[in-house]
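Enquirer: Structure: entry09.txt, compact mmCIF, C-alpha atoms.
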```txt
# COMPACT_ATOMS: atom_id res chain seq x y z
CA MET A 1 -8.69 -16.60 -24.76
CA VAL A 2 -8.06 -13.35 -22.90
CA SER A 3 -10.74 -10.76 -23.60
CA SER A 4 -9.72 -7.52 -25.30
CA LYS A 5 -11.98 -5.69 -22.84
CA ILE A 6 -9.49 -6.13 -19.99
CA GLN A 7 -7.36 -3.02 -19.49
CA SER A 8 -5.16 -4.04 -16.56
CA VAL A 9 -4.78 -6.66 -13.83
CA THR A 10 -2.86 -5.87 -10.66
CA GLU A 11 -2.28 -8.11 -7.67
CA GLY A 12 -2.67 -6.20 -4.45
CA TRP A 13 -1.79 -8.50 -1.58
CA SER A 14 -1.51 -12.19 -0.80
CA ARG A 15 -1.67 -13.43 2.71
CA GLY A 16 -2.53 -16.30 4.96
CA PRO A 17 -3.97 -17.95 6.77
CA SER A 18 -7.46 -16.53 6.57
CA ASN A 19 -8.71 -19.76 8.08
CA LEU A 20 -6.70 -22.20 10.17
CA ALA A 21 -7.96 -25.43 11.74
CA HIS A 22 -6.10 -28.15 13.60
CA THR A 23 -7.15 -31.80 13.31
CA ASP A 24 -5.82 -35.21 14.31
CA ASN A 25 -4.78 -34.07 17.81
CA PHE A 26 -3.09 -30.96 16.38
CA ARG A 27 -0.69 -33.01 14.26
CA LYS A 28 -2.27 -31.86 11.00
CA THR A 29 -3.21 -28.29 10.03
CA GLU A 30 -5.76 -27.26 7.41
CA LEU A 31 -5.55 -23.73 6.09
CA THR A 32 -6.97 -21.29 3.56
CA LEU A 33 -4.78 -18.74 1.76
CA SER A 34 -6.03 -15.85 -0.34
CA ARG A 35 -4.92 -13.49 -3.09
CA ARG A 36 -6.65 -10.37 -4.37
CA LEU A 37 -6.58 -9.10 -7.96
CA HIS A 38 -7.63 -5.58 -9.01
CA ILE A 39 -9.02 -5.61 -12.57
CA ILE A 40 -9.79 -2.59 -14.77
CA THR A 41 -12.06 -3.26 -17.76
CA ASP A 42 -13.93 -1.57 -20.55
CA PHE A 43 -17.37 -0.26 -19.68
CA ASP A 44 -19.15 -3.12 -21.47
CA ALA A 45 -17.06 -5.98 -20.07
CA THR A 46 -18.86 -8.96 -18.53
CA ASP A 47 -17.98 -11.36 -15.72
CA LEU A 48 -17.00 -13.91 -18.37
CA ASP A 49 -14.46 -11.46 -19.79
CA VAL A 50 -12.96 -11.01 -16.32
CA TYR A 51 -12.71 -14.75 -15.69
CA SER A 52 -10.73 -15.07 -18.94
CA ILE A 53 -7.68 -13.19 -17.61
CA SER A 54 -4.37 -15.00 -17.86
CA GLU A 55 -3.76 -14.41 -14.16
CA MET A 56 -6.73 -16.65 -13.33
CA PRO A 57 -5.25 -19.91 -11.95
CA ASN A 58 -6.47 -23.36 -12.86
CA ARG A 59 -7.98 -25.57 -10.24
CA GLY A 60 -5.16 -27.33 -8.40
CA ASP A 61 -2.47 -24.72 -9.14
CA PRO A 62 -0.28 -24.12 -6.05
CA PHE A 63 -0.32 -20.90 -4.10
CA PRO A 64 2.81 -18.87 -5.06
CA GLY A 65 5.73 -19.82 -2.85
CA THR A 66 4.12 -22.95 -1.38
CA THR A 67 3.79 -26.65 -2.18
CA PHE A 68 0.94 -27.41 0.19
CA ALA A 69 -1.96 -25.08 -0.76
CA PHE A 70 -3.85 -25.32 -4.05
CA PHE A 71 -6.35 -23.13 -5.88
CA GLU A 72 -9.97 -23.97 -5.17
CA LYS A 73 -12.27 -21.07 -6.10
CA ALA A 74 -12.53 -17.40 -7.08
CA ASN A 75 -14.92 -14.78 -5.70
CA LEU A 76 -15.62 -11.88 -8.07
CA GLU A 77 -17.02 -8.51 -7.00
CA LYS A 78 -17.94 -5.68 -9.38
CA VAL A 79 -17.03 -2.50 -7.52
CA SER A 80 -17.80 -0.03 -10.31
CA PRO A 81 -18.69 -0.21 -14.03
CA ILE A 82 -15.00 -0.61 -14.90
CA TYR A 83 -13.44 -2.02 -11.71
CA TYR A 84 -13.59 -5.60 -10.40
CA ARG A 85 -12.04 -7.24 -7.34
CA MET A 86 -11.27 -10.96 -7.54
CA ASP A 87 -10.39 -12.95 -4.42
CA LEU A 88 -8.61 -16.23 -5.15
CA GLU A 89 -8.92 -18.91 -2.49
CA TYR A 90 -6.39 -21.69 -1.95
CA ARG A 91 -6.74 -24.59 0.46
CA GLY A 92 -4.24 -27.09 1.79
CA GLU A 93 -3.04 -29.07 4.76
CA PHE A 94 0.25 -30.02 6.31
CA GLY A 95 1.50 -31.77 9.40
CA ALA A 96 0.94 -35.43 10.20
CA GLN A 97 0.76 -36.60 6.60
CA ASN A 98 4.15 -35.09 5.77
CA PRO A 99 6.25 -34.56 8.91
CA SER A 100 9.21 -33.35 6.85
CA ASN A 101 7.21 -30.37 5.50
CA PRO A 102 8.35 -27.26 7.39
CA ALA A 103 5.32 -25.23 6.28
CA GLU A 104 3.82 -25.29 9.74
CA ASN A 105 6.54 -22.86 10.83
CA HIS A 106 6.23 -20.59 7.79
CA PRO A 107 6.88 -16.94 8.82
CA VAL A 108 3.78 -15.79 6.91
CA PHE A 109 1.64 -17.42 9.59
CA THR A 110 3.08 -15.15 12.27
CA PRO A 111 0.42 -12.68 13.53
CA PRO A 112 0.93 -9.00 12.70
CA VAL A 113 2.78 -6.73 15.12
CA ILE A 114 1.07 -3.37 15.75
CA ASP A 115 2.74 -0.41 17.48
CA LEU A 116 1.04 2.90 18.33
CA ASN A 117 2.71 6.30 18.73
CA ASP A 118 1.79 9.99 18.61
CA GLU A 119 3.06 12.43 16.00
CA GLU A 120 2.72 16.21 16.21
CA SER A 121 2.72 18.59 13.25
CA GLU A 122 2.00 22.29 12.73
CA GLU A 123 -0.89 23.03 10.37
CA GLU A 124 -2.12 26.43 9.19
CA ILE A 125 -5.63 27.31 10.37
CA ASP A 126 -8.12 30.00 9.34
CA GLU A 127 -10.61 29.66 12.21
CA ASP A 128 -10.42 29.27 15.95
CA PHE A 129 -11.69 26.17 17.72
CA TYR A 130 -15.23 27.56 17.80
CA GLY A 131 -15.34 28.31 14.07
CA ASN A 132 -14.77 32.06 14.29
CA PRO A 133 -12.59 33.53 11.51
CA LEU A 134 -9.13 34.75 12.49
CA ILE A 135 -9.29 38.49 11.80
CA ASN A 136 -7.64 41.63 13.16
CA ALA A 137 -9.31 44.78 14.50
CA ASN A 138 -9.86 46.00 10.93
CA GLY A 139 -11.65 42.81 9.94
CA GLU A 140 -8.74 41.60 7.80
CA ILE A 141 -7.80 37.93 7.66
CA ILE A 142 -4.77 37.02 9.77
CA GLU A 143 -2.52 34.69 7.80
CA GLY A 144 0.17 32.29 8.92
CA VAL A 145 -1.48 31.16 12.16
CA THR A 146 -0.80 27.50 12.93
CA ARG A 147 -1.77 25.05 15.63
CA PRO A 148 -0.26 21.72 16.62
CA PHE A 149 -2.13 18.65 15.44
CA THR A 150 -1.48 15.42 17.33
CA ASP A 151 -2.09 12.42 15.11
CA GLN A 152 -1.92 8.75 16.02
CA VAL A 153 0.57 6.66 14.05
CA TYR A 154 0.11 2.90 13.79
CA THR A 155 3.05 0.82 12.61
CA VAL A 156 1.93 -2.57 11.32
CA SER A 157 4.48 -5.28 10.50
CA ARG A 158 3.50 -8.51 8.81
CA ASN A 159 4.93 -11.18 6.51
CA LEU A 160 3.13 -11.71 3.19
CA PHE A 161 3.54 -14.19 0.39
CA THR A 162 3.42 -11.50 -2.31
CA PHE A 163 3.78 -7.73 -2.48
CA SER A 164 2.77 -5.29 -5.23
CA SER A 165 4.75 -2.08 -5.65
CA TYR A 166 1.95 -0.77 -7.88
CA ALA A 167 -0.57 -1.21 -5.07
CA GLN A 168 1.92 0.51 -2.79
CA ALA A 169 1.89 3.59 -5.02
CA LEU A 170 -1.91 3.65 -5.11
CA TYR A 171 -2.27 3.50 -1.35
CA ARG A 172 0.33 6.19 -0.73
CA ASN A 173 -2.12 8.64 -2.33
CA ALA A 174 -5.31 7.52 -0.63
CA THR A 175 -7.29 7.64 2.59
CA ASN A 176 -9.40 4.80 3.93
CA SER A 177 -12.82 4.22 2.38
CA ASP A 178 -13.65 1.71 5.11
CA THR A 179 -13.39 1.61 8.90
CA PHE A 180 -9.75 0.76 9.60
CA LEU A 181 -8.10 0.29 12.99
CA ASP A 182 -11.42 1.52 14.45
CA TRP A 183 -11.04 4.87 12.61
CA PRO A 184 -13.93 6.01 10.37
CA PRO A 185 -13.56 6.45 6.59
CA GLY A 186 -11.47 9.42 5.51
CA THR A 187 -9.37 9.73 8.68
CA VAL A 188 -6.45 7.38 7.88
CA ARG A 189 -3.70 7.75 5.31
CA VAL A 190 -0.53 5.79 4.58
CA LYS A 191 2.63 7.51 5.78
CA SER A 192 5.08 4.86 4.60
CA LEU A 193 4.96 1.40 3.09
CA THR A 194 8.05 -0.77 2.74
CA ALA A 195 8.76 -4.38 1.86
CA ARG A 196 11.80 -6.63 1.89
CA GLU A 197 11.91 -9.92 0.01
CA VAL A 198 13.26 -12.83 2.04
CA SER A 199 14.51 -15.96 0.29
CA GLN A 200 15.77 -18.37 2.90
CA ALA A 201 15.18 -22.02 2.10
CA PRO A 202 12.64 -23.41 2.38
CA TYR A 203 10.83 -20.07 2.80
CA LYS A 204 10.22 -17.20 0.40
CA TYR A 205 8.12 -14.24 1.50
CA PHE A 206 8.02 -10.46 1.99
CA GLN A 207 8.52 -8.60 5.25
CA VAL A 208 6.09 -5.68 4.97
CA GLN A 209 5.87 -2.68 7.27
CA ALA A 210 3.29 0.07 6.93
CA GLN A 211 2.74 3.25 8.92
CA PHE A 212 -0.78 4.67 9.08
CA VAL A 213 -1.46 8.23 10.29
CA CYS A 214 -4.90 8.73 11.85
CA ARG A 215 -6.26 12.27 12.18
CA ARG A 216 -9.21 13.49 14.21
CA PRO A 217 -11.30 15.83 12.01
CA TYR A 218 -10.89 19.51 12.92
CA ARG A 219 -13.88 21.75 12.18
CA THR A 220 -15.11 19.31 9.53
CA ILE A 221 -16.59 15.83 9.09
CA PRO A 222 -14.45 12.66 9.37
CA ALA A 223 -14.61 12.02 5.61
CA LYS A 224 -12.79 15.35 5.09
CA ALA A 225 -10.20 15.00 7.86
CA TRP A 226 -7.33 15.14 5.34
CA TRP A 227 -8.88 17.63 2.90
CA LYS A 228 -7.15 20.94 2.28
CA ARG A 229 -9.26 23.99 3.14
CA VAL A 230 -8.33 27.31 1.53
CA ARG A 231 -9.90 30.72 1.15
CA HIS A 232 -11.17 31.64 -2.30
CA GLU A 233 -8.84 34.58 -2.83
CA GLY A 234 -8.09 36.85 -5.73
CA TYR A 235 -6.01 39.90 -6.56
CA GLN A 236 -8.45 41.28 -9.09
CA GLU A 237 -12.02 42.43 -9.48
CA ARG A 238 -14.20 43.35 -12.43
CA ILE A 239 -13.95 47.13 -12.51
CA GLY A 240 -16.63 48.61 -14.71
CA ASP A 241 -15.71 50.67 -17.73
CA VAL A 242 -18.54 52.80 -16.40
CA PRO A 243 -18.27 56.54 -15.62
CA ILE A 244 -19.69 57.44 -12.19
CA THR A 245 -20.45 61.14 -11.71
CA PHE A 246 -21.92 63.15 -8.84
CA SER A 247 -23.99 66.29 -9.28
CA GLY A 248 -25.72 68.61 -6.85
CA GLY A 249 -25.55 68.39 -3.09
CA GLY A 250 -23.49 71.57 -2.80
CA GLY A 251 -20.08 69.89 -2.86
CA THR A 252 -17.35 68.93 -5.32
CA GLY A 253 -14.63 66.39 -5.93
CA ALA A 254 -16.38 63.07 -5.22
CA THR A 255 -15.30 60.16 -7.42
CA ALA A 256 -16.17 56.46 -7.44
CA VAL A 257 -15.63 53.23 -9.34
CA ALA A 258 -18.21 50.57 -10.25
CA ILE A 259 -17.80 46.80 -9.81
CA VAL A 260 -19.53 44.82 -12.56
CA ASN A 261 -20.90 41.34 -11.85
CA PRO A 262 -20.67 38.40 -14.29
CA SER A 263 -24.19 39.19 -15.57
CA GLU A 264 -22.97 42.66 -16.62
CA GLY A 265 -24.98 44.38 -13.92
CA ILE A 266 -23.55 46.84 -11.39
CA GLU A 267 -22.47 44.80 -8.36
CA SER A 268 -21.43 47.75 -6.20
CA ILE A 269 -19.95 51.23 -6.33
CA HIS A 270 -16.91 52.11 -4.21
CA VAL A 271 -16.08 55.69 -3.29
CA LEU A 272 -12.53 56.65 -4.28
CA ASN A 273 -12.64 60.27 -3.13
CA GLY A 274 -15.41 61.58 -0.89
CA GLY A 275 -14.97 65.20 -2.02
CA THR A 276 -15.83 68.16 0.23
CA GLY A 277 -18.60 70.61 1.00
CA TYR A 278 -21.64 68.40 0.47
CA THR A 279 -24.68 69.58 2.40
CA SER A 280 -26.97 66.91 1.00
CA ALA A 281 -26.67 63.70 -0.96
CA PRO A 282 -25.65 64.36 -4.57
CA THR A 283 -27.29 62.63 -7.51
CA VAL A 284 -25.36 59.60 -8.77
CA ALA A 285 -25.21 59.18 -12.56
CA ILE A 286 -24.10 55.82 -13.99
CA GLY A 287 -22.79 55.99 -17.55
CA GLY A 288 -21.37 53.40 -19.89
CA THR A 289 -22.92 51.02 -22.37
CA GLY A 290 -25.51 49.49 -20.04
CA THR A 291 -28.94 50.63 -18.94
CA GLY A 292 -31.16 50.51 -15.90
CA ALA A 293 -28.64 50.86 -13.06
CA THR A 294 -29.40 53.36 -10.30
CA ALA A 295 -27.70 54.29 -7.04
CA THR A 296 -27.91 56.69 -4.11
CA ALA A 297 -25.13 58.44 -2.20
CA THR A 298 -24.69 58.88 1.54
CA VAL A 299 -23.05 62.04 2.93
CA THR A 300 -21.45 62.38 6.35
CA ASP A 301 -19.81 65.63 7.54
CA GLY A 302 -19.74 67.04 4.02
CA ILE A 303 -18.12 63.94 2.49
CA VAL A 304 -19.62 61.25 0.28
CA THR A 305 -18.94 58.14 2.37
CA SER A 306 -20.75 55.43 0.42
CA VAL A 307 -22.89 54.68 -2.61
CA THR A 308 -25.68 52.10 -2.53
CA VAL A 309 -26.77 50.38 -5.74
CA THR A 310 -30.57 50.31 -5.90
CA ALA A 311 -30.85 48.62 -9.32
CA ASP A 312 -28.01 46.74 -11.01
CA GLY A 313 -29.21 47.15 -14.60
CA SER A 314 -27.66 45.19 -17.46
CA GLY A 315 -25.26 45.44 -20.39
CA TYR A 316 -22.39 47.11 -18.53
CA LYS A 317 -18.90 46.22 -19.72
CA SER A 318 -15.97 45.66 -17.41
CA LYS A 319 -12.24 45.29 -17.35
CA ILE A 320 -10.03 43.37 -14.94
CA VAL A 321 -7.77 45.49 -12.74
CA ARG A 322 -6.23 45.16 -9.32
CA ALA A 323 -8.60 44.95 -6.40
CA LEU A 324 -9.25 47.96 -4.21
CA ASP A 325 -8.81 48.00 -0.47
CA ASP A 326 -11.43 49.34 1.92
CA ARG A 327 -10.19 52.90 1.27
CA GLY A 328 -10.60 52.49 -2.46
CA ASP A 329 -6.87 52.29 -3.15
CA PRO A 330 -5.35 49.58 -5.38
CA THR A 331 -3.97 46.74 -3.27
CA SER A 332 -1.64 43.83 -3.91
CA LYS A 333 -3.11 41.82 -1.04
CA PRO A 334 -5.50 38.96 -1.78
CA VAL A 335 -9.16 39.68 -1.27
CA LEU A 336 -11.87 37.25 -0.22
CA LEU A 337 -14.30 36.36 -2.96
CA LYS A 338 -17.91 35.34 -3.33
CA PRO A 339 -18.81 32.18 -5.26
CA ASP A 340 -19.40 34.29 -8.39
CA GLY A 341 -15.86 35.69 -8.21
CA THR A 342 -16.71 39.17 -6.94
CA ARG A 343 -15.33 40.56 -3.72
CA GLN A 344 -16.74 39.48 -0.36
CA ARG A 345 -16.25 42.21 2.23
CA ASP A 346 -17.97 40.28 5.02
CA VAL A 347 -15.24 37.90 6.17
CA THR A 348 -17.72 35.64 7.95
CA ALA A 349 -19.50 34.98 4.65
CA ALA A 350 -16.40 34.53 2.51
CA PHE A 351 -16.17 31.73 -0.02
CA TRP A 352 -14.01 28.78 1.08
CA ILE A 353 -12.82 25.82 -0.96
CA GLU A 354 -12.32 22.30 0.42
CA ILE A 355 -9.98 20.27 -1.78
CA PRO A 356 -9.65 16.46 -1.62
CA ILE A 357 -5.90 15.91 -1.98
CA TYR A 358 -6.06 12.13 -1.51
CA GLY A 359 -8.05 9.40 -3.21
CA SER A 360 -10.04 6.73 -1.39
CA LEU A 361 -9.30 3.00 -1.16
CA PRO A 362 -10.34 0.12 1.14
CA PHE A 363 -7.46 -0.25 3.60
CA ASN A 364 -8.64 -3.61 4.94
CA ALA A 365 -7.94 -5.00 1.46
CA LEU A 366 -4.24 -4.59 2.20
CA GLY A 367 -4.41 -7.81 4.21
CA LEU A 368 -2.16 -6.51 6.98
CA LEU A 369 -4.53 -7.02 9.91
```
Render the structure in this file as structure tokens.

Expert:
Amino acid sequence: MVSSKIQSVTEGWSRGPSNLAHTDNFRKTELTLSRRLHIITDFDATDLDVYSISEMPNRGDPFPGTTFAFFEKANLEKVSPIYYRMDLEYRGEFGAQNPSNPAENHPVFTPPVIDLNDEESEEEIDEDFYGNPLINANGEIIEGVTRPFTDQVYTVSRNLFTFSSYAQALYRNATNSDTFLDWPPGTVRVKSLTAREVSQAPYKYFQVQAQFVCRRPYRTIPAKAWWKRVRHEGYQERIGDVPITFSGGGGTGATAVAIVNPSEGIESIHVLNGGTGYTSAPTVAIGGTGTGATATATVTDGIVTSVTVTADGSGYKSKIVRALDDRGDPTSKPVLLKPDGTRQRDVTAAFWIEIPIYGSLPFNALGLL
């Protein structure tokens, strides 16, 4: 009886021969064929539940598409709490005992054909080869810079007994979790995967062709060769609903705005208008609902040029408005952010996000090599 704890069973690939031996002066051939099943289960499923699947052949059942290889044993591997791999092994022989059997010339036994080519693409970059950020003379990020990436493309052609379109879809969205074609995990993805069913008596098989793109990691580790790297950008900052006033210092007209951090403390204060006529640093008063925040002003040539927060305080409310540029004017350009979401004005310390856009699967399990 099939267990109710089995969620799905998918056949990945069937191929052969995994083992081939000639006997009786090469007139008889012994071979081993294999199939792989991918099984998704409930968390509490046991090996016995997995062995109960309806796809499990009985001893002596023939390998699909043949009359000379028969099921002998199954090897079960628990990959994760809910994922099993089952390898089904079939053994048989042909040749001297049955000269009329054309299996010895079966196209599936033809070795794979592997071609290698280069492929160039333009990819956007945010750093130079040495890891320095791409910025202009004003320290602003330069966008839209690309560089050519030269990838290696392997085309592998092989005949298989069975082919799973479901497995095809899974692998189209994955990179290799194992070393494949001598490339380390994370550096290979499937570019294309096609199959054509051939039914030509006495043979029935699939002609499968796969293209694998191999990328050398650029400014990252091999496991992240195909990850997408983006700047953590935003158009908005938390502008405090906090009055900032200047008194004393002999001048007038200075205004500023406060940036409030997620903990409701004063992150920073940006000067909007430096005013005129200041002969000394004015006193900075921080209003609003919070308490404990203090700051000092810096004056250059009669103008308030900056305000330094000396204590961030707590309890200050904020509202979300457009970000300010380095002159204190509202800007529609993205700004670089810190991990807490506030603005990062030091481009070399900006917050970057690396996004895995592909999954990870064992490519050798495809059975193409």

Enquirer: Point out the residue among A:Thr175, A:Asn136, A:Thr194, A:Thr283 with the least atom-to-atom distance to A:Ile357, counting only C-alpha atoms.

Expert: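 Among A:Thr175, A:Asn136, A:Thr194, A:Thr283, it is A:Thr175 that comes nearest to A:Ile357.
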
Enquirer: Could you tell me how far atom CA of A:Gln168 sits from atom CA of A:Leu193, in Å to one decimal place?

Expert: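 Between atom CA of A:Leu193 and atom CA of A:Gln168 the gap works out to 6.7 Å.
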
Enquirer: Hey, which of A:Lys204, A:Arg216, A:Lys228, A:Lys5 ends up closest to A:Asp42? Count all atoms listed in the file.

Expert: A:Lys5

Enquirer: Please list as a list in words every residue within 10 Å of A:Pro185, counting only C-alpha atoms and excluding residues in the same chain fewer than 5 positions away.

Expert: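 Near A:Pro185, the qualifying residues are Thr175, Asn176, Ser177, Asp178, Thr179, Phe180, Pro222, Ala223, Lys224, Ala225, Ser360, Leu361, Pro362 and Phe363 of chain A.
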
Enquirer: Of the candidates A:Leu160, A:Ala254, A:Ile114, A:Val307, which shows the shortest atom-to-atom distance to A:Glu197, using all atoms listed in the file?

Expert: A:Leu160

Enquirer: Excluding A:Tyr51 and its own-chain neighbours fewer than 6 positions away, which residues fall within 12 Å of it when counting all atoms listed in the file? Please give them as a PyMOL selection string.

Expert: chain A and resi 1-3+5-6+9+37+39+41+45+57-58+73-77+84-88

Enquirer: Can you pull out every residue within 10 Å of stretch 144-147 of chain A, counting only C-alpha atoms, but drop anything in the same chain fewer than 5 positions away, and send it as a count of residues only?

Expert: 10

Enquirer: Rounded to one decimal place, report the atom CA of A:Gln200-atom CA of A:Thr162 distance in Å.

Expert: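 Distance reported for this atom pair: 15.1 Å.
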
Enquirer: How many Å separate atom CA of A:Gly302 from atom CA of A:Ser280?

Expert: 7.8 Å

Enquirer: Please determine, counting all atoms listed in the file, which residue among A:Leu366, A:Arg36, A:Ser8, A:Val284 has the shortest atom-to-atom distance to A:Val50.

Expert: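 The closest residue to A:Val50 is A:Ser8.
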
Enquirer: Could you check the closest approach to A:Tyr203 for each of A:Gly315, A:Pro107, A:Gly367, A:Gly92 and tell me which residue wins, using only C-alpha atoms?

Expert: A:Pro107

Enquirer: Around the point (0.4, -7.2, -11.8), in the coordinates given by the file, pick out the residues reaching within 10 Å, counting only C-alpha atoms, and return them as a compact mmCIF listing (two decimals) with C-alpha atoms, in the frame of the given file.

Expert:
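Output saved as point30.txt:
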```
# COMPACT_ATOMS: atom_id res chain seq x y z
CA SER A 8 -5.16 -4.04 -16.56
CA VAL A 9 -4.78 -6.66 -13.83
CA THR A 10 -2.86 -5.87 -10.66
CA GLU A 11 -2.28 -8.11 -7.67
CA GLY A 12 -2.67 -6.20 -4.45
CA LEU A 37 -6.58 -9.10 -7.96
CA HIS A 38 -7.63 -5.58 -9.01
CA ILE A 39 -9.02 -5.61 -12.57
CA GLU A 55 -3.76 -14.41 -14.16
CA PHE A 163 3.78 -7.73 -2.48
CA SER A 164 2.77 -5.29 -5.23
CA SER A 165 4.75 -2.08 -5.65
CA TYR A 166 1.95 -0.77 -7.88
CA ALA A 167 -0.57 -1.21 -5.07
```

Enquirer: Which of these, A:Thr298, A:Ser314, A:Thr32, A:Gln207, has the shortest distance to A:Asn261 once you count all atoms listed in the file?

Expert: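 When distances to A:Asn261 are compared using all atoms listed in the file, the smallest one comes from A:Ser314.
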
Enquirer: Hey, can I get the axis-aligned box for stretch 216-233 of chain A? All listed atoms, 6 Å padding on each side, centre and edge lengths in Å to one decimal, as lines of an AutoDock Vina configuration file.

Expert:
```
center_x = -11.9
center_y = 23.3
center_z = 5.7
size_x = 21.4
size_y = 34.6
size_z = 29.0
```
